[in-house]
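Peer 1: This is input05.pdb, which holds PDB, N, CA and C atoms:
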ATOM      1  N   MET A   1       0.822  -1.196   0.000
ATOM      2  CA  MET A   1       0.000   0.000   0.000
ATOM      3  C   MET A   1       0.864   1.257   0.000
ATOM      4  N   VAL A   2       1.864   1.279   0.849
ATOM      5  CA  VAL A   2       2.754   2.435   0.924
ATOM      6  C   VAL A   2       3.513   2.598  -0.391
ATOM      7  N   LEU A   3       3.915   1.492  -0.972
ATOM      8  CA  LEU A   3       4.637   1.535  -2.244
ATOM      9  C   LEU A   3       3.783   2.168  -3.337
ATOM     10  N   ARG A   4       2.495   1.855  -3.370
ATOM     11  CA  ARG A   4       1.597   2.435  -4.366
ATOM     12  C   ARG A   4       1.479   3.944  -4.192
ATOM     13  N   VAL A   5       1.400   4.398  -2.950
ATOM     14  CA  VAL A   5       1.295   5.829  -2.678
ATOM     15  C   VAL A   5       2.573   6.540  -3.122
ATOM     16  N   VAL A   6       3.712   5.965  -2.815
ATOM     17  CA  VAL A   6       4.996   6.546  -3.210
ATOM     18  C   VAL A   6       5.115   6.589  -4.730
ATOM     19  N   LEU A   7       4.752   5.516  -5.394
ATOM     20  CA  LEU A   7       4.815   5.486  -6.857
ATOM     21  C   LEU A   7       3.854   6.496  -7.474
ATOM     22  N   ALA A   8       2.674   6.654  -6.892
ATOM     23  CA  ALA A   8       1.718   7.634  -7.397
ATOM     24  C   ALA A   8       2.263   9.048  -7.236
ATOM     25  N   CYS A   9       2.909   9.327  -6.122
ATOM     26  CA  CYS A   9       3.515  10.652  -5.905
ATOM     27  C   CYS A   9       4.607  10.924  -6.931
ATOM     28  N   PHE A  10       5.460   9.949  -7.167
ATOM     29  CA  PHE A  10       6.510  10.115  -8.168
ATOM     30  C   PHE A  10       5.926  10.336  -9.561
ATOM     31  N   ALA A  11       4.849   9.633  -9.883
ATOM     32  CA  ALA A  11       4.215   9.793 -11.191
ATOM     33  C   ALA A  11       3.682  11.206 -11.365
ATOM     34  N   VAL A  12       3.042  11.733 -10.332
ATOM     35  CA  VAL A  12       2.502  13.096 -10.403
ATOM     36  C   VAL A  12       3.632  14.105 -10.571
ATOM     37  N   ILE A  13       4.687  13.956  -9.804
ATOM     38  CA  ILE A  13       5.830  14.876  -9.895
ATOM     39  C   ILE A  13       6.475  14.776 -11.267
ATOM     40  N   PHE A  14       6.673  13.576 -11.765
ATOM     41  CA  PHE A  14       7.313  13.376 -13.059
ATOM     42  C   PHE A  14       6.482  13.983 -14.186
ATOM     43  N   LEU A  15       5.179  13.757 -14.163
ATOM     44  CA  LEU A  15       4.326  14.260 -15.238
ATOM     45  C   LEU A  15       4.168  15.771 -15.185
ATOM     46  N   SER A  16       4.141  16.352 -14.019
ATOM     47  CA  SER A  16       4.008  17.805 -13.931
ATOM     48  C   SER A  16       5.296  18.499 -14.343
ATOM     49  N   ALA A  17       6.416  17.837 -14.222
ATOM     50  CA  ALA A  17       7.691  18.424 -14.611
ATOM     51  C   ALA A  17       7.827  18.506 -16.127
ATOM     52  N   CYS A  18       6.997  17.806 -16.854
ATOM     53  CA  CYS A  18       7.084  17.786 -18.307
ATOM     54  C   CYS A  18       6.339  18.951 -18.962
ATOM     55  N   SER A  19       5.595  19.684 -18.202
ATOM     56  CA  SER A  19       4.831  20.801 -18.754
ATOM     57  C   SER A  19       5.757  21.955 -19.076
ATOM     58  N   PRO A  20       5.558  22.585 -20.234
ATOM     59  CA  PRO A  20       6.405  23.732 -20.568
ATOM     60  C   PRO A  20       6.098  24.916 -19.658
ATOM     61  N   GLU A  21       7.069  25.799 -19.528
ATOM     62  CA  GLU A  21       6.910  26.979 -18.693
ATOM     63  C   GLU A  21       5.827  27.890 -19.270
ATOM     64  N   VAL A  22       4.973  28.398 -18.399
ATOM     65  CA  VAL A  22       3.883  29.284 -18.823
ATOM     66  C   VAL A  22       4.481  30.513 -19.509
ATOM     67  N   GLY A  23       3.965  30.806 -20.694
ATOM     68  CA  GLY A  23       4.423  31.959 -21.454
ATOM     69  C   GLY A  23       5.505  31.636 -22.477
ATOM     70  N   SER A  24       6.052  30.413 -22.434
ATOM     71  CA  SER A  24       7.091  30.035 -23.391
ATOM     72  C   SER A  24       6.467  29.706 -24.744
ATOM     73  N   GLU A  25       7.307  29.596 -25.768
ATOM     74  CA  GLU A  25       6.808  29.255 -27.112
ATOM     75  C   GLU A  25       6.104  27.901 -27.102
ATOM     76  N   ASP A  26       6.685  26.933 -26.404
ATOM     77  CA  ASP A  26       6.066  25.599 -26.332
ATOM     78  C   ASP A  26       4.709  25.664 -25.650
ATOM     79  N   TRP A  27       4.616  26.476 -24.597
ATOM     80  CA  TRP A  27       3.348  26.628 -23.888
ATOM     81  C   TRP A  27       2.311  27.238 -24.821
ATOM     82  N   CYS A  28       2.699  28.265 -25.588
ATOM     83  CA  CYS A  28       1.774  28.897 -26.535
ATOM     84  C   CYS A  28       1.281  27.883 -27.561
ATOM     85  N   GLU A  29       2.172  27.059 -28.078
ATOM     86  CA  GLU A  29       1.793  26.044 -29.058
ATOM     87  C   GLU A  29       0.834  25.023 -28.449
ATOM     88  N   ASP A  30       1.131  24.582 -27.216
ATOM     89  CA  ASP A  30       0.247  23.622 -26.542
ATOM     90  C   ASP A  30      -1.136  24.211 -26.332
ATOM     91  N   LEU A  31      -1.199  25.481 -25.965
ATOM     92  CA  LEU A  31      -2.487  26.115 -25.709
ATOM     93  C   LEU A  31      -3.269  26.306 -27.008
ATOM     94  N   LYS A  32      -2.565  26.577 -28.114
ATOM     95  CA  LYS A  32      -3.247  26.715 -29.407
ATOM     96  C   LYS A  32      -3.981  25.435 -29.777
ATOM     97  N   GLU A  33      -3.402  24.291 -29.410
ATOM     98  CA  GLU A  33      -3.988  22.998 -29.738
ATOM     99  C   GLU A  33      -5.144  22.634 -28.802
ATOM    100  N   LYS A  34      -5.189  23.256 -27.634
ATOM    101  CA  LYS A  34      -6.236  22.985 -26.646
ATOM    102  C   LYS A  34      -7.517  23.709 -27.045
ATOM    103  N   ASP A  35      -8.661  23.078 -26.843
ATOM    104  CA  ASP A  35      -9.947  23.694 -27.147
ATOM    105  C   ASP A  35     -10.109  24.978 -26.338
ATOM    106  N   LYS A  36     -10.429  26.079 -26.999
ATOM    107  CA  LYS A  36     -10.525  27.374 -26.329
ATOM    108  C   LYS A  36     -11.595  27.393 -25.241
ATOM    109  N   GLY A  37     -12.575  26.531 -25.327
ATOM    110  CA  GLY A  37     -13.591  26.435 -24.294
ATOM    111  C   GLY A  37     -13.064  25.855 -22.989
ATOM    112  N   GLU A  38     -11.888  25.227 -23.053
ATOM    113  CA  GLU A  38     -11.277  24.631 -21.870
ATOM    114  C   GLU A  38     -10.227  25.531 -21.231
ATOM    115  N   TRP A  39      -9.937  26.670 -21.840
ATOM    116  CA  TRP A  39      -8.943  27.591 -21.293
ATOM    117  C   TRP A  39      -9.468  28.212 -20.013
ATOM    118  N   THR A  40      -8.589  28.386 -19.039
ATOM    119  CA  THR A  40      -8.972  29.097 -17.822
ATOM    120  C   THR A  40      -8.806  30.596 -18.077
ATOM    121  N   LEU A  41      -9.332  31.401 -17.184
ATOM    122  CA  LEU A  41      -9.184  32.849 -17.297
ATOM    123  C   LEU A  41      -7.713  33.238 -17.235
ATOM    124  N   ASP A  42      -6.954  32.590 -16.360
ATOM    125  CA  ASP A  42      -5.519  32.879 -16.248
ATOM    126  C   ASP A  42      -4.772  32.502 -17.525
ATOM    127  N   GLU A  43      -5.129  31.360 -18.112
ATOM    128  CA  GLU A  43      -4.484  30.941 -19.363
ATOM    129  C   GLU A  43      -4.789  31.933 -20.482
ATOM    130  N   THR A  44      -6.025  32.398 -20.556
ATOM    131  CA  THR A  44      -6.413  33.353 -21.585
ATOM    132  C   THR A  44      -5.630  34.652 -21.449
ATOM    133  N   ALA A  45      -5.526  35.149 -20.232
ATOM    134  CA  ALA A  45      -4.790  36.393 -19.992
ATOM    135  C   ALA A  45      -3.308  36.224 -20.304
ATOM    136  N   GLU A  46      -2.725  35.114 -19.884
ATOM    137  CA  GLU A  46      -1.298  34.877 -20.134
ATOM    138  C   GLU A  46      -1.037  34.653 -21.620
ATOM    139  N   TYR A  47      -1.957  33.999 -22.314
ATOM    140  CA  TYR A  47      -1.826  33.789 -23.752
ATOM    141  C   TYR A  47      -1.817  35.134 -24.475
ATOM    142  N   ALA A  48      -2.730  36.007 -24.102
ATOM    143  CA  ALA A  48      -2.794  37.327 -24.739
ATOM    144  C   ALA A  48      -1.510  38.111 -24.470
ATOM    145  N   LYS A  49      -1.007  38.021 -23.263
ATOM    146  CA  LYS A  49       0.202  38.771 -22.882
ATOM    147  C   LYS A  49       1.466  38.189 -23.535
ATOM    148  N   SER A  50       1.584  36.867 -23.539
ATOM    149  CA  SER A  50       2.833  36.248 -23.963
ATOM    150  C   SER A  50       2.877  35.795 -25.413
ATOM    151  N   CYS A  51       1.728  35.468 -25.974
ATOM    152  CA  CYS A  51       1.729  34.855 -27.307
ATOM    153  C   CYS A  51       1.235  35.791 -28.405
ATOM    154  N   ILE A  52       0.465  36.794 -28.039
ATOM    155  CA  ILE A  52      -0.078  37.702 -29.052
ATOM    156  C   ILE A  52       0.715  38.998 -29.113
ATOM    157  N   PHE A  53       0.949  39.596 -27.966
ATOM    158  CA  PHE A  53       1.633  40.903 -27.923
ATOM    159  C   PHE A  53       3.110  40.778 -27.885
TER     160      PHE A  53
END
Spit out the file's structure as structure tokens when you get a sec.
Peer 2:
Amino acid sequence: MVLRVVLACFAVIFLSACSPEVGSEDWCEDLKEKDKGEWTLDETAEYAKSCIF
């Protein structure tokens, strides 16, 4: 049981580390591919600031 919890924690940390930095070119490209209806308010504001202007 403890091993499963530890492995799950490592999986979450590993997968979150793969996300590009907010505002980077890779992040802008990833967001372009995401359905605009799923964007958060923060993502929309950061996209406008970092990817458009």
Peer 1: Could you check the closest approach to Cys51 in chain A for each of A:Cys28, A:Ala8, A:Cys18, A:Met1 and tell me which residue wins, using only N, CA and C atoms?
Peer 2: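 Nearest to Cys51 in chain A: A:Cys28.
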Peer 1: Which neighbours of Glu46 in chain A fall inside 8 Å, counting only C-alpha atoms, when residues of the same chain fewer than 4 positions from it are skipped, and could you give them as a PyMOL selection string?
Peer 2: chain A and resi 22-23+42+50-51
Peer 1: Interatomic distance between CA of Glu21 in chain A and CA of Gly37 in chain A?
Peer 2: 21.3 Å
